[in-house]
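Novice: My file is run-v8.cif. It has mmCIF, C-alpha atoms:
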data_target
loop_
_atom_site.label_atom_id
_atom_site.label_comp_id
_atom_site.auth_asym_id
_atom_site.auth_seq_id
_atom_site.Cartn_x
_atom_site.Cartn_y
_atom_site.Cartn_z
CA MET A 1104 35.42 14.35 -15.69
CA GLY A 1105 31.80 14.58 -16.85
CA ALA A 1106 31.83 11.61 -19.21
CA VAL A 1107 29.78 9.48 -16.83
CA HIS A 1108 26.95 12.02 -17.14
CA ASP A 1109 27.12 12.50 -20.92
CA PHE A 1110 24.05 11.18 -22.72
CA ALA A 1111 25.76 9.19 -25.48
CA VAL A 1112 24.34 7.55 -28.60
CA GLN A 1113 24.25 4.20 -26.82
CA ASP A 1114 22.20 5.72 -23.99
CA ARG A 1115 19.64 6.97 -26.48
CA GLN A 1116 19.44 3.55 -28.12
CA VAL A 1117 18.84 1.88 -24.78
CA LEU A 1118 16.23 4.48 -23.88
CA GLY A 1119 14.31 3.62 -27.05
CA ASP A 1120 14.56 -0.09 -26.26
CA LEU A 1121 13.37 0.60 -22.73
CA ALA A 1122 10.26 2.38 -23.99
CA THR A 1123 9.42 -0.59 -26.22
CA TRP A 1124 10.05 -3.01 -23.37
CA ILE A 1125 7.75 -1.08 -21.02
CA ALA A 1126 4.92 -1.11 -23.54
CA ASP A 1127 5.44 -4.77 -24.44
CA ARG A 1128 5.48 -6.06 -20.88
CA ARG A 1129 2.19 -4.30 -20.15
CA THR A 1130 0.43 -5.56 -23.28
CA SER A 1131 1.92 -9.08 -23.42
CA PRO A 1132 3.32 -9.89 -19.98
CA ALA A 1133 5.64 -12.89 -19.74
CA ALA A 1134 5.31 -15.43 -16.96
CA PRO A 1135 7.73 -14.67 -14.11
CA ARG A 1136 10.85 -16.82 -13.78
CA PRO A 1137 11.67 -16.55 -10.09
CA ALA A 1138 14.58 -19.03 -10.23
CA ARG A 1139 17.87 -17.20 -9.62
CA SER A 1140 20.87 -18.99 -11.08
CA ALA A 1141 22.43 -16.56 -13.55
CA ARG A 1142 25.97 -15.31 -13.11
CA LEU A 1143 25.75 -11.54 -12.91
CA PRO A 1144 28.57 -9.18 -13.93
CA ASP A 1145 30.84 -7.78 -11.26
CA VAL A 1146 31.43 -4.13 -10.54
CA THR A 1147 34.77 -3.26 -12.18
CA SER A 1148 36.94 -0.20 -12.68
CA THR A 1149 36.03 0.12 -16.37
CA GLY A 1150 32.40 -1.02 -16.54
CA ILE A 1151 30.64 -2.95 -19.32
CA GLY A 1152 28.62 -0.14 -20.88
CA ILE A 1153 24.94 0.72 -20.70
CA LYS A 1154 23.86 -1.56 -23.55
CA ALA A 1155 25.28 -4.70 -21.95
CA THR A 1156 24.09 -3.59 -18.51
CA TRP A 1157 20.55 -3.06 -19.79
CA ALA A 1158 20.60 -6.52 -21.40
CA VAL A 1159 21.58 -8.10 -18.07
CA LEU A 1160 18.92 -6.14 -16.21
CA ARG A 1161 16.22 -6.93 -18.78
CA ASP A 1162 17.02 -10.59 -19.43
CA LEU A 1163 18.55 -11.88 -16.20
CA VAL A 1164 17.63 -9.69 -13.24
CA LEU A 1165 14.08 -8.40 -13.71
CA PRO A 1166 12.56 -11.72 -14.85
CA THR A 1167 13.37 -13.28 -11.46
CA ALA A 1168 10.92 -10.92 -9.73
CA PHE A 1169 7.23 -11.71 -9.40
CA PRO A 1170 5.91 -8.28 -10.41
CA THR A 1171 3.15 -6.72 -8.36
CA ASP A 1172 1.11 -5.97 -11.47
CA HIS A 1173 0.94 -9.65 -12.47
CA PRO A 1174 -2.76 -10.65 -12.47
CA ARG A 1175 -2.00 -13.56 -10.15
CA TYR A 1176 0.12 -11.61 -7.68
CA LEU A 1177 -2.37 -12.03 -4.84
CA ALA A 1178 -0.31 -12.81 -1.74
CA PHE A 1179 0.27 -9.28 -0.53
CA VAL A 1180 -1.36 -5.96 -1.35
CA GLY A 1181 0.29 -5.36 -4.70
CA GLY A 1182 -0.45 -2.71 -7.26
CA SER A 1183 -0.98 -2.29 -10.98
CA PRO A 1184 0.08 1.20 -12.07
CA THR A 1185 -1.63 2.81 -15.03
CA PRO A 1186 0.42 3.69 -18.13
CA ALA A 1187 -0.11 7.39 -17.36
CA ALA A 1188 1.31 6.93 -13.86
CA ILE A 1189 4.28 4.94 -15.21
CA ILE A 1190 5.10 7.62 -17.78
CA ALA A 1191 4.84 10.40 -15.19
CA ASP A 1192 7.02 8.44 -12.77
CA ALA A 1193 9.70 7.93 -15.42
CA ALA A 1194 9.62 11.60 -16.36
CA LEU A 1195 9.92 12.55 -12.70
CA SER A 1196 13.15 10.59 -12.39
CA ALA A 1197 14.59 12.15 -15.53
CA ALA A 1198 13.58 15.67 -14.46
CA ALA A 1199 15.69 15.45 -11.27
CA VAL A 1200 13.08 17.22 -9.14
CA TYR A 1201 13.53 17.67 -5.42
CA GLY A 1202 9.99 17.54 -4.11
CA GLY A 1203 10.46 19.04 -0.66
CA SER A 1204 9.76 22.70 -1.36
CA GLU A 1205 7.90 24.83 -3.86
CA LEU A 1206 10.98 27.04 -4.25
CA GLU A 1207 12.76 24.18 -6.00
CA ALA A 1208 9.90 22.11 -7.38
CA GLY A 1209 7.63 24.89 -8.69
CA ASP A 1210 4.32 23.61 -10.02
CA VAL A 1211 5.34 20.04 -9.27
CA VAL A 1212 4.24 20.87 -5.72
CA VAL A 1213 1.05 22.45 -7.06
CA VAL A 1214 -0.03 19.27 -8.84
CA GLU A 1215 0.87 17.22 -5.76
CA ARG A 1216 -1.47 19.46 -3.78
CA ALA A 1217 -4.22 18.79 -6.33
CA ALA A 1218 -3.75 15.05 -5.90
CA MET A 1219 -3.76 15.44 -2.12
CA ARG A 1220 -6.94 17.53 -2.32
CA TRP A 1221 -8.63 14.75 -4.28
CA MET A 1222 -7.64 12.25 -1.60
CA CYS A 1223 -8.92 14.51 1.18
CA ASP A 1224 -12.21 14.86 -0.71
CA LEU A 1225 -12.35 11.08 -1.06
CA VAL A 1226 -12.33 10.57 2.71
CA GLY A 1227 -14.70 13.49 3.35
CA TYR A 1228 -12.18 15.88 4.88
CA PRO A 1229 -12.92 19.65 4.88
CA GLU A 1230 -11.11 22.25 2.81
CA GLN A 1231 -8.40 22.98 5.37
CA ALA A 1232 -7.24 19.36 5.49
CA HIS A 1233 -3.90 18.58 3.90
CA GLY A 1234 -1.04 16.11 3.98
CA ALA A 1235 1.95 14.75 2.12
CA PHE A 1236 2.99 11.86 -0.07
CA VAL A 1237 5.63 9.65 1.51
CA SER A 1238 7.43 6.41 0.72
CA GLY A 1239 4.97 3.95 2.21
CA GLY A 1240 2.35 3.21 4.83
CA SER A 1241 5.02 2.62 7.48
CA LEU A 1242 6.35 6.17 7.18
CA ALA A 1243 2.83 7.56 6.88
CA ASN A 1244 1.76 5.84 10.09
CA LEU A 1245 4.93 6.94 11.89
CA SER A 1246 4.45 10.54 10.76
CA ALA A 1247 0.82 10.57 11.91
CA LEU A 1248 1.67 9.15 15.34
CA VAL A 1249 4.55 11.59 15.83
CA THR A 1250 2.08 14.37 15.00
CA ALA A 1251 -0.44 12.95 17.47
CA ARG A 1252 2.14 13.09 20.28
CA HIS A 1253 3.40 16.58 19.46
CA GLY A 1254 2.83 18.99 22.32
CA LEU A 1255 1.37 16.38 24.69
CA ALA A 1256 2.60 15.96 28.23
CA ALA A 1257 2.25 12.90 30.43
CA PRO A 1258 2.04 12.77 34.22
CA GLY A 1259 5.38 13.60 35.81
CA GLY A 1260 6.48 15.81 32.93
CA GLY A 1261 7.26 13.09 30.42
CA VAL A 1262 5.54 12.39 27.14
CA PRO A 1263 2.69 9.94 26.51
CA ASP A 1264 3.96 6.50 25.61
CA VAL A 1265 0.91 4.31 24.91
CA ILE A 1266 -0.59 3.66 21.47
CA VAL A 1267 -3.89 1.80 21.59
CA ALA A 1268 -4.34 -0.13 18.36
CA SER A 1269 -6.73 -2.61 16.88
CA ALA A 1270 -5.45 -6.14 17.40
CA ALA A 1271 -5.43 -6.39 13.60
CA ALA A 1272 -3.21 -3.33 13.20
CA HIS A 1273 -0.50 -3.42 10.56
CA SER A 1274 2.97 -4.41 11.73
CA SER A 1275 4.19 -0.87 11.05
CA ILE A 1276 2.28 0.39 14.10
CA ARG A 1277 4.50 -1.60 16.44
CA SER A 1278 7.53 -0.52 14.45
CA ALA A 1279 6.51 3.13 14.78
CA ALA A 1280 5.93 2.67 18.50
CA ALA A 1281 9.40 1.21 18.94
CA ILE A 1282 10.96 4.15 17.10
CA MET A 1283 9.01 6.57 19.29
CA GLY A 1284 9.82 4.74 22.53
CA CYS A 1285 6.17 3.81 23.00
CA ARG A 1286 4.33 0.59 23.73
CA VAL A 1287 1.28 -0.76 21.94
CA VAL A 1288 -1.82 -1.92 23.81
CA SER A 1289 -4.10 -4.03 21.62
CA ALA A 1290 -7.88 -3.78 21.58
CA GLY A 1291 -10.31 -6.32 20.19
CA SER A 1292 -9.52 -9.44 18.16
CA PRO A 1293 -7.30 -9.77 15.07
CA ASP A 1294 -10.10 -11.74 13.41
CA ARG A 1295 -12.96 -9.25 13.86
CA PRO A 1296 -13.56 -5.53 13.25
CA LEU A 1297 -12.88 -3.40 16.31
CA GLY A 1298 -15.84 -1.72 17.97
CA ALA A 1299 -16.31 0.91 20.66
CA TYR A 1300 -17.12 -1.66 23.33
CA GLU A 1301 -13.72 -3.38 23.12
CA LEU A 1302 -11.91 -0.07 22.72
CA THR A 1303 -13.65 1.51 25.72
CA ALA A 1304 -12.62 -1.36 27.96
CA VAL A 1305 -8.97 -0.78 27.07
CA LEU A 1306 -9.07 3.02 27.29
CA ASP A 1307 -10.81 2.88 30.67
CA SER A 1308 -7.92 0.79 32.01
CA LEU A 1309 -5.38 3.48 31.08
CA ASP A 1310 -4.56 6.98 32.28
CA PRO A 1311 -5.79 9.08 29.33
CA ARG A 1312 -2.77 11.35 29.72
CA ASP A 1313 -0.53 8.41 28.79
CA VAL A 1314 -2.31 7.71 25.51
CA VAL A 1315 -0.74 9.04 22.31
CA ALA A 1316 -3.45 7.90 19.92
CA VAL A 1317 -5.91 5.21 18.96
CA VAL A 1318 -5.23 3.39 15.67
CA ALA A 1319 -8.15 1.83 13.80
CA ASN A 1320 -8.25 -0.05 10.50
CA ALA A 1321 -10.15 0.78 7.35
CA GLY A 1322 -9.23 -2.42 5.56
CA ALA A 1323 -7.13 -4.68 7.78
CA THR A 1324 -4.23 -6.12 5.83
CA ASN A 1325 -4.88 -9.76 6.72
CA THR A 1326 -8.68 -9.81 6.46
CA GLY A 1327 -9.79 -6.61 4.72
CA ALA A 1328 -12.09 -5.82 7.66
CA VAL A 1329 -13.12 -2.22 8.37
CA ASP A 1330 -13.42 -1.29 12.03
CA HIS A 1331 -16.55 0.44 13.33
CA LEU A 1332 -15.10 3.86 12.63
CA GLU A 1333 -18.00 6.10 13.59
CA GLU A 1334 -18.41 4.68 17.08
CA ILE A 1335 -14.64 4.55 17.55
CA ALA A 1336 -14.41 8.23 16.57
CA GLU A 1337 -17.10 9.13 19.09
CA CYS A 1338 -15.24 7.16 21.77
CA CYS A 1339 -12.04 9.11 21.01
CA GLU A 1340 -13.76 12.47 20.80
CA VAL A 1341 -15.25 12.33 24.32
CA ARG A 1342 -11.77 11.58 25.67
CA GLY A 1343 -9.92 14.10 23.52
CA THR A 1344 -7.82 11.27 22.08
CA TRP A 1345 -6.22 11.44 18.65
CA LEU A 1346 -7.69 8.92 16.19
CA HIS A 1347 -5.53 7.66 13.36
CA VAL A 1348 -7.12 5.43 10.71
CA ASP A 1349 -4.88 3.12 8.72
CA ALA A 1350 -6.61 2.85 5.35
CA ALA A 1351 -3.41 2.06 3.46
CA TYR A 1352 -5.00 -0.84 1.61
CA GLY A 1353 -8.74 -0.35 2.03
CA GLY A 1354 -9.12 3.39 1.54
CA ALA A 1355 -9.49 3.06 -2.22
CA ALA A 1356 -12.71 1.09 -1.71
CA MET A 1357 -14.40 4.36 -0.76
CA LEU A 1358 -14.52 5.02 -4.50
CA ALA A 1359 -17.00 2.16 -4.89
CA PRO A 1360 -20.59 3.26 -4.24
CA SER A 1361 -21.31 -0.28 -3.08
CA ARG A 1362 -18.82 0.03 -0.19
CA ARG A 1363 -18.80 3.72 0.71
CA ASP A 1364 -21.20 3.39 3.65
CA GLY A 1365 -18.88 0.92 5.35
CA PHE A 1366 -16.38 3.73 5.95
CA LYS A 1367 -18.78 6.06 7.73
CA GLY A 1368 -16.90 7.98 10.40
CA ILE A 1369 -13.51 8.02 8.70
CA GLU A 1370 -13.98 11.74 8.09
CA LEU A 1371 -13.85 12.23 11.88
CA ALA A 1372 -10.32 10.84 12.19
CA ASP A 1373 -7.48 13.23 13.00
CA SER A 1374 -5.19 11.51 10.48
CA ILE A 1375 -5.47 8.85 7.79
CA THR A 1376 -3.03 6.73 5.80
CA ILE A 1377 -3.83 5.69 2.21
CA ASP A 1378 -1.35 4.05 -0.19
CA PRO A 1379 -1.82 4.97 -3.86
CA HIS A 1380 0.80 2.34 -4.77
CA LYS A 1381 -1.72 -0.28 -3.68
CA TRP A 1382 -5.29 0.08 -4.93
CA LEU A 1383 -4.93 3.49 -6.59
CA PHE A 1384 -2.72 2.26 -9.42
CA THR A 1385 0.47 4.26 -8.84
CA PRO A 1386 4.07 2.93 -9.09
CA PHE A 1387 6.02 2.07 -5.96
CA ASP A 1388 6.63 3.80 -3.77
CA CYS A 1389 3.78 6.13 -2.89
CA ALA A 1390 1.73 6.51 0.27
CA ALA A 1391 -0.22 9.46 1.63
CA VAL A 1392 -0.70 10.75 5.14
CA LEU A 1393 -3.71 13.05 5.51
CA TYR A 1394 -4.36 15.42 8.42
CA LEU A 1395 -7.62 16.96 9.51
CA ASP A 1396 -5.58 19.86 10.96
CA PRO A 1397 -2.29 20.09 9.05
CA THR A 1398 -0.95 22.89 11.25
CA VAL A 1399 -0.29 20.34 13.98
CA ALA A 1400 1.66 18.16 11.57
CA ARG A 1401 3.70 21.10 10.33
CA ALA A 1402 4.58 22.10 13.88
CA ALA A 1403 5.68 18.52 14.60
CA HIS A 1404 7.72 17.88 11.48
CA GLN A 1405 9.11 21.11 10.01
CA GLN A 1406 12.89 21.07 10.18
CA ARG A 1407 14.79 24.24 11.05
CA ALA A 1408 18.35 25.17 10.04
CA GLU A 1409 20.24 28.12 8.60
CA TYR A 1410 20.37 26.50 5.18
CA LEU A 1411 16.57 26.05 5.24
CA ASP A 1412 15.75 29.69 6.01
CA ALA A 1413 14.86 30.34 2.37
CA VAL A 1414 12.05 27.76 2.48
CA SER A 1415 10.93 28.10 6.11
CA HIS A 1416 8.75 31.20 5.99
CA ALA A 1417 5.38 31.09 7.68
CA ASP A 1418 3.49 31.26 4.39
CA ASP A 1419 5.48 28.46 2.73
CA ASP A 1420 3.56 25.25 2.13
CA ASN A 1421 6.23 22.64 1.55
CA PRO A 1422 5.60 18.87 1.38
CA ALA A 1423 8.74 18.27 3.44
CA ASP A 1424 7.02 19.88 6.44
CA TYR A 1425 4.23 17.34 6.92
CA ALA A 1426 6.01 14.04 7.59
CA ALA A 1427 9.22 12.52 8.93
CA HIS A 1428 11.33 13.39 5.91
CA LEU A 1429 13.24 16.23 4.28
CA SER A 1430 14.63 14.75 1.09
CA ARG A 1431 11.66 13.42 -0.85
CA ARG A 1432 10.56 12.32 -4.27
CA ALA A 1433 7.48 14.13 -5.58
CA ARG A 1434 5.43 10.94 -5.39
CA GLY A 1435 2.11 12.69 -5.87
CA VAL A 1436 2.90 13.56 -9.50
CA PRO A 1437 2.09 10.09 -10.93
CA VAL A 1438 -1.13 10.09 -8.88
CA TRP A 1439 -2.15 13.43 -10.36
CA ALA A 1440 -1.10 12.51 -13.90
CA SER A 1441 -3.13 9.32 -13.89
CA LEU A 1442 -6.21 11.03 -12.45
CA VAL A 1443 -6.01 13.82 -15.02
CA ALA A 1444 -5.39 11.42 -17.89
CA ASN A 1445 -8.01 8.80 -17.04
CA GLY A 1446 -10.66 10.62 -15.03
CA THR A 1447 -12.12 9.48 -11.74
CA ASP A 1448 -14.89 7.39 -13.34
CA ALA A 1449 -12.22 4.99 -14.60
CA TYR A 1450 -10.94 4.61 -11.05
CA VAL A 1451 -14.41 3.80 -9.77
CA ASP A 1452 -14.81 1.15 -12.47
CA ALA A 1453 -11.38 -0.36 -11.72
CA VAL A 1454 -12.05 -0.65 -7.98
CA GLU A 1455 -15.50 -2.13 -8.57
CA SER A 1456 -13.92 -4.63 -10.96
CA CYS A 1457 -11.59 -5.88 -8.21
CA LEU A 1458 -14.50 -6.24 -5.80
CA THR A 1459 -16.46 -8.20 -8.39
CA THR A 1460 -13.54 -10.58 -9.00
CA ALA A 1461 -13.17 -11.11 -5.25
CA GLY A 1462 -16.87 -11.95 -5.07
CA TYR A 1463 -16.49 -14.46 -7.89
CA ALA A 1464 -13.55 -16.10 -6.11
CA ALA A 1465 -15.50 -16.40 -2.87
CA LYS A 1466 -18.45 -18.02 -4.64
CA GLN A 1467 -16.23 -20.51 -6.46
CA ILE A 1468 -14.53 -21.46 -3.21
CA ALA A 1469 -17.84 -21.93 -1.43
CA ASP A 1470 -19.06 -24.19 -4.25
CA LYS A 1471 -16.02 -26.52 -4.26
CA PRO A 1472 -16.20 -29.45 -1.80
CA HIS A 1473 -12.44 -29.53 -1.20
CA LEU A 1474 -12.29 -25.80 -0.32
CA GLU A 1475 -13.95 -23.68 2.34
CA LEU A 1476 -14.08 -19.99 3.18
CA ALA A 1477 -12.32 -19.19 6.45
CA THR A 1478 -14.58 -16.17 6.96
CA GLU A 1479 -16.92 -13.98 5.00
CA PRO A 1480 -14.85 -11.81 2.63
CA HIS A 1481 -14.18 -8.19 3.53
CA LEU A 1482 -13.53 -5.71 0.72
CA SER A 1483 -11.34 -7.55 -1.80
CA VAL A 1484 -9.64 -10.02 0.57
CA VAL A 1485 -10.71 -13.67 0.44
CA LEU A 1486 -9.42 -16.07 3.10
CA PHE A 1487 -9.97 -19.78 2.52
CA ARG A 1488 -8.70 -23.25 3.33
CA ARG A 1489 -8.04 -26.52 1.52
CA ARG A 1490 -9.80 -29.22 3.51
CA GLY A 1491 -7.44 -31.77 5.01
CA TRP A 1492 -4.24 -29.80 4.45
CA SER A 1493 -1.57 -29.26 7.06
CA PRO A 1494 0.56 -26.09 7.32
CA ASP A 1495 3.30 -27.93 5.41
CA ASP A 1496 0.89 -28.66 2.55
CA TYR A 1497 0.05 -24.98 2.21
CA ALA A 1498 3.72 -24.01 2.25
CA ARG A 1499 4.61 -26.64 -0.36
CA TRP A 1500 1.80 -25.56 -2.70
CA SER A 1501 2.70 -21.88 -2.30
CA SER A 1502 6.37 -22.57 -3.09
CA ARG A 1503 5.51 -24.56 -6.20
CA ALA A 1504 3.11 -21.92 -7.48
CA HIS A 1505 5.78 -19.27 -7.00
CA THR A 1506 8.72 -21.11 -8.57
CA ARG A 1507 6.64 -22.11 -11.60
CA GLY A 1508 5.42 -18.56 -12.15
CA ILE A 1509 1.77 -19.56 -11.71
CA ALA A 1510 0.84 -17.27 -8.83
CA LEU A 1511 2.23 -15.55 -5.78
CA ILE A 1512 -0.01 -16.64 -2.92
CA THR A 1513 1.28 -17.27 0.58
CA PRO A 1514 -0.25 -18.87 3.67
CA THR A 1515 -1.48 -16.79 6.57
CA THR A 1516 -3.27 -17.50 9.83
CA PHE A 1517 -6.89 -16.82 10.68
CA ALA A 1518 -8.62 -17.88 13.90
CA GLY A 1519 -5.53 -19.86 14.82
CA GLU A 1520 -5.50 -21.99 11.67
CA THR A 1521 -3.48 -21.83 8.45
CA ALA A 1522 -5.31 -20.37 5.46
CA LEU A 1523 -4.63 -18.96 2.02
CA ARG A 1524 -5.26 -15.31 1.32
CA LEU A 1525 -6.21 -13.71 -1.98
CA CYS A 1526 -6.08 -9.92 -2.19
CA PHE A 1527 -7.59 -8.48 -5.37
CA VAL A 1528 -6.31 -4.98 -6.19
CA ASN A 1529 -5.52 -5.47 -9.88
CA PRO A 1530 -8.39 -4.90 -12.32
CA LEU A 1531 -6.49 -7.03 -14.86
CA THR A 1532 -7.05 -10.13 -12.71
CA THR A 1533 -9.75 -12.18 -14.44
CA ARG A 1534 -12.10 -15.00 -13.54
CA ALA A 1535 -9.84 -17.26 -15.60
CA ASP A 1536 -6.94 -16.36 -13.29
CA VAL A 1537 -9.06 -17.30 -10.30
CA ASP A 1538 -10.02 -20.60 -11.95
CA THR A 1539 -6.36 -21.41 -12.67
CA ILE A 1540 -5.46 -20.95 -9.02
CA LEU A 1541 -8.40 -22.86 -7.60
CA ASP A 1542 -7.99 -25.71 -10.07
CA SER A 1543 -4.39 -26.14 -8.94
CA LEU A 1544 -5.66 -26.76 -5.42
CA GLU A 1545 -7.94 -29.61 -6.43
CA GLN A 1546 -5.17 -32.12 -5.90
CA ASP A 1547 -1.54 -31.81 -4.98
CA ALA A 1548 -0.12 -33.61 -8.00
CA PRO A 1549 2.98 -32.43 -9.94
CA GLY A 1550 1.31 -33.22 -13.27
CA ARG A 1551 -1.22 -30.49 -12.67
CA TRP A 1552 1.42 -27.78 -12.33
CA GLN A 1553 1.65 -26.14 -15.72
CA ALA A 1554 2.68 -22.50 -15.86
CA SER A 1555 0.40 -20.36 -17.96
#
Using structure tokens, write down the structure from this file.
Specialist:
Amino acid sequence: MGAVHDFAVQDRQVLGDLATWIADRRTSPAAPRPARSARLPDVTSTGIGIKATWAVLRDLVLPTAFPTDHPRYLAFVGGSPTPAAIIADAALSAAAVYGGSELEAGDVVVVERAAMRWMCDLVGYPEQAHGAFVSGGSLANLSALVTARHGLAAPGGGVPDVIVASAAAHSSIRSAAAIMGCRVVSAGSPDRPLGAYELTAVLDSLDPRDVVAVVANAGATNTGAVDHLEEIAECCEVRGTWLHVDAAYGGAAMLAPSRRDGFKGIELADSITIDPHKWLFTPFDCAAVLYLDPTVARAAHQQRAEYLDAVSHADDDNPADYAAHLSRRARGVPVWASLVANGTDAYVDAVESCLTTAGYAAKQIADKPHLELATEPHLSVVLFRRRGWSPDDYARWSSRAHTRGIALITPTTFAGETALRLCFVNPLTTRADVDTILDSLEQDAPGRWQAS
């Protein structure tokens, strides 16, 4: 009966091969092969064994992905986990830890708290602040907005149902609103940082009792722009309105002394989202939701049942109680392990490196007659255009770059026009990588497409 769980000789052999493969792909990464044409084995009653399965996974399945740690994965906000984080993540899977309560997870929860404390310190939160690691920014934003609405009452005895968000808010805000039965009212422009003037105009048009929260950006996904957080926080404070700051991508830039001042006021937010699986070098999936007053979050999210009585005492501090989850992976462990192993100075250097590469890319684009910046770069996002190209030209170039394993870069829209977007969150991305991409845009000729 237990044969499927026995760790056989073949399993140990594959485990050794896996360790070698992990190290090799990080030191000598192969170009992605996104084409998918291989015949994969079927699920059968007898199986094909772990050795053959691992060979299929290694040689046929995984190579078709464009990995987020590739130095020319620049289309979305990827991530390049450190070796320490990868090792800790692998160990976490093997250890079979349930990360919802300290009763079961022991000091696993303690080290998660240490990682959370570091993140709270990063944003300037006081000692009582706390939060939880969740699966991604979408769940973090949902959890924060559910917390914001907890205990509120709208006119007529209902609950507030309006979320006021920057026009550049991440798509997950509308998704969260739909789940909550709320509607989103946009403020400002998707192409510019939100300020108090635009926000005030929207809030003054609403009954404040209908408003769940205001959502501002600290690193808009499309542009990298940081809203005017200090004046937005003051606007929310005078109205008694919850302020949530989505810093899923941009929050890591607070580590860079050169950018820290641009986040002034984030410490006044009631809740903040930051994704370590983006610019804090942790494996997918790992996001964090931080609360200025975690007691409100615990009241909103703690689940009650007879079978939870053993972990529901008033003095328990369980990660399951601070977000919309019960079953959870202890995602903060790889964050903690990498911080302890590498030290925070290495993180500062890595973030600054990404900002420097983004600056180099922007300068090269500005200097090339066939290219133009769509806007001044914000943080590590560079938006630019190829002069004379139509939307179809951008799509064709992006598809070719992807299928040939050169780069993953997709078109977006800025100020109503198609543009290309580079997002630098991998310190392994070099100036040579930037040059390879920009050179490929010089002319749309098949002979210039050589995977490297």
Novice: Which residue out of A:Gly1322, A:Pro1170, A:Gly1152, A:Pro1135 has the minimum interatomic distance to Arg1362 in chain A when all atoms listed in the file are used?
Specialist: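 Using all atoms listed in the file, the shortest distance to Arg1362 in chain A belongs to A:Gly1322.
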Novice: Would you write out, as a Markdown table, a table of all residues in range 1210-1296 of chain A that have an atom no more than 8 Å from an atom of range 1328-1348 of chain A, listing for each the closest atom pair and the distance in Å to one decimal, considering all atoms listed in the file and ordering rows by chain and rising residue number?
Specialist:
| residue | atom | partner | partner_atom | distance |
| --- | --- | --- | --- | --- |
| A:Ala1247 | CA | A:His1347 | CA | 7.1 |
| A:Leu1248 | CA | A:His1347 | CA | 7.6 |
| A:Ala1251 | CA | A:Trp1345 | CA | 6.1 |
| A:Arg1295 | CA | A:Ala1328 | CA | 7.1 |
| A:Pro1296 | CA | A:Asp1330 | CA | 4.4 |
Novice: Hey, can you spit out that residue selection with C-alpha atoms as a compact mmCIF listing (two decimals), in the coordinates of the input?
Specialist:
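part.txt was written with the following content:
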# COMPACT_ATOMS: atom_id res chain seq x y z
CA ALA A 1247 0.82 10.57 11.91
CA LEU A 1248 1.67 9.15 15.34
CA ALA A 1251 -0.44 12.95 17.47
CA ARG A 1295 -12.96 -9.25 13.86
CA PRO A 1296 -13.56 -5.53 13.25
Novice: Compile the contact shell of Val1262 in chain A as a PyMOL selection string: residues with an atom at most 10 Å away, counting only C-alpha atoms, same-chain residues fewer than 5 positions apart removed.
Specialist: chain A and resi 1252-1257+1284-1285+1312-1315
Novice: Produce a file of the selected residues containing C-alpha atoms, as a PDB file, in the frame of the given file.
Specialist:
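Dumped to again-v5.pdb:
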ATOM      1  CA  ARG A1252       2.140  13.090  20.280  1.00  0.00           C
ATOM      2  CA  HIS A1253       3.400  16.580  19.460  1.00  0.00           C
ATOM      3  CA  GLY A1254       2.830  18.990  22.320  1.00  0.00           C
ATOM      4  CA  LEU A1255       1.370  16.380  24.690  1.00  0.00           C
ATOM      5  CA  ALA A1256       2.600  15.960  28.230  1.00  0.00           C
ATOM      6  CA  ALA A1257       2.250  12.900  30.430  1.00  0.00           C
ATOM      7  CA  GLY A1284       9.820   4.740  22.530  1.00  0.00           C
ATOM      8  CA  CYS A1285       6.170   3.810  23.000  1.00  0.00           C
ATOM      9  CA  ARG A1312      -2.770  11.350  29.720  1.00  0.00           C
ATOM     10  CA  ASP A1313      -0.530   8.410  28.790  1.00  0.00           C
ATOM     11  CA  VAL A1314      -2.310   7.710  25.510  1.00  0.00           C
ATOM     12  CA  VAL A1315      -0.740   9.040  22.310  1.00  0.00           C
TER      13      VAL A1315
END
Novice: Report the residues retrieved by the PyMOL selection byres ((chain A and resi 1422-1425) around 9) from the displayed file, expressed as a CSV table (one decimal) with C-alpha atoms, keeping the file's coordinate frame.
Specialist:
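New file result-v3.csv:
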chain,number,residue,atom,x,y,z
A,1202,GLY,CA,10.0,17.5,-4.1
A,1203,GLY,CA,10.5,19.0,-0.7
A,1204,SER,CA,9.8,22.7,-1.4
A,1205,GLU,CA,7.9,24.8,-3.9
A,1212,VAL,CA,4.2,20.9,-5.7
A,1215,GLU,CA,0.9,17.2,-5.8
A,1216,ARG,CA,-1.5,19.5,-3.8
A,1233,HIS,CA,-3.9,18.6,3.9
A,1234,GLY,CA,-1.0,16.1,4.0
A,1235,ALA,CA,2.0,14.8,2.1
A,1236,PHE,CA,3.0,11.9,-0.1
A,1246,SER,CA,4.4,10.5,10.8
A,1250,THR,CA,2.1,14.4,15.0
A,1392,VAL,CA,-0.7,10.8,5.1
A,1394,TYR,CA,-4.4,15.4,8.4
A,1397,PRO,CA,-2.3,20.1,9.0
A,1398,THR,CA,-1.0,22.9,11.2
A,1399,VAL,CA,-0.3,20.3,14.0
A,1400,ALA,CA,1.7,18.2,11.6
A,1401,ARG,CA,3.7,21.1,10.3
A,1402,ALA,CA,4.6,22.1,13.9
A,1403,ALA,CA,5.7,18.5,14.6
A,1404,HIS,CA,7.7,17.9,11.5
A,1405,GLN,CA,9.1,21.1,10.0
A,1406,GLN,CA,12.9,21.1,10.2
A,1420,ASP,CA,3.6,25.2,2.1
A,1421,ASN,CA,6.2,22.6,1.6
A,1426,ALA,CA,6.0,14.0,7.6
A,1427,ALA,CA,9.2,12.5,8.9
A,1428,HIS,CA,11.3,13.4,5.9
A,1429,LEU,CA,13.2,16.2,4.3
A,1430,SER,CA,14.6,14.8,1.1
A,1431,ARG,CA,11.7,13.4,-0.8
A,1433,ALA,CA,7.5,14.1,-5.6
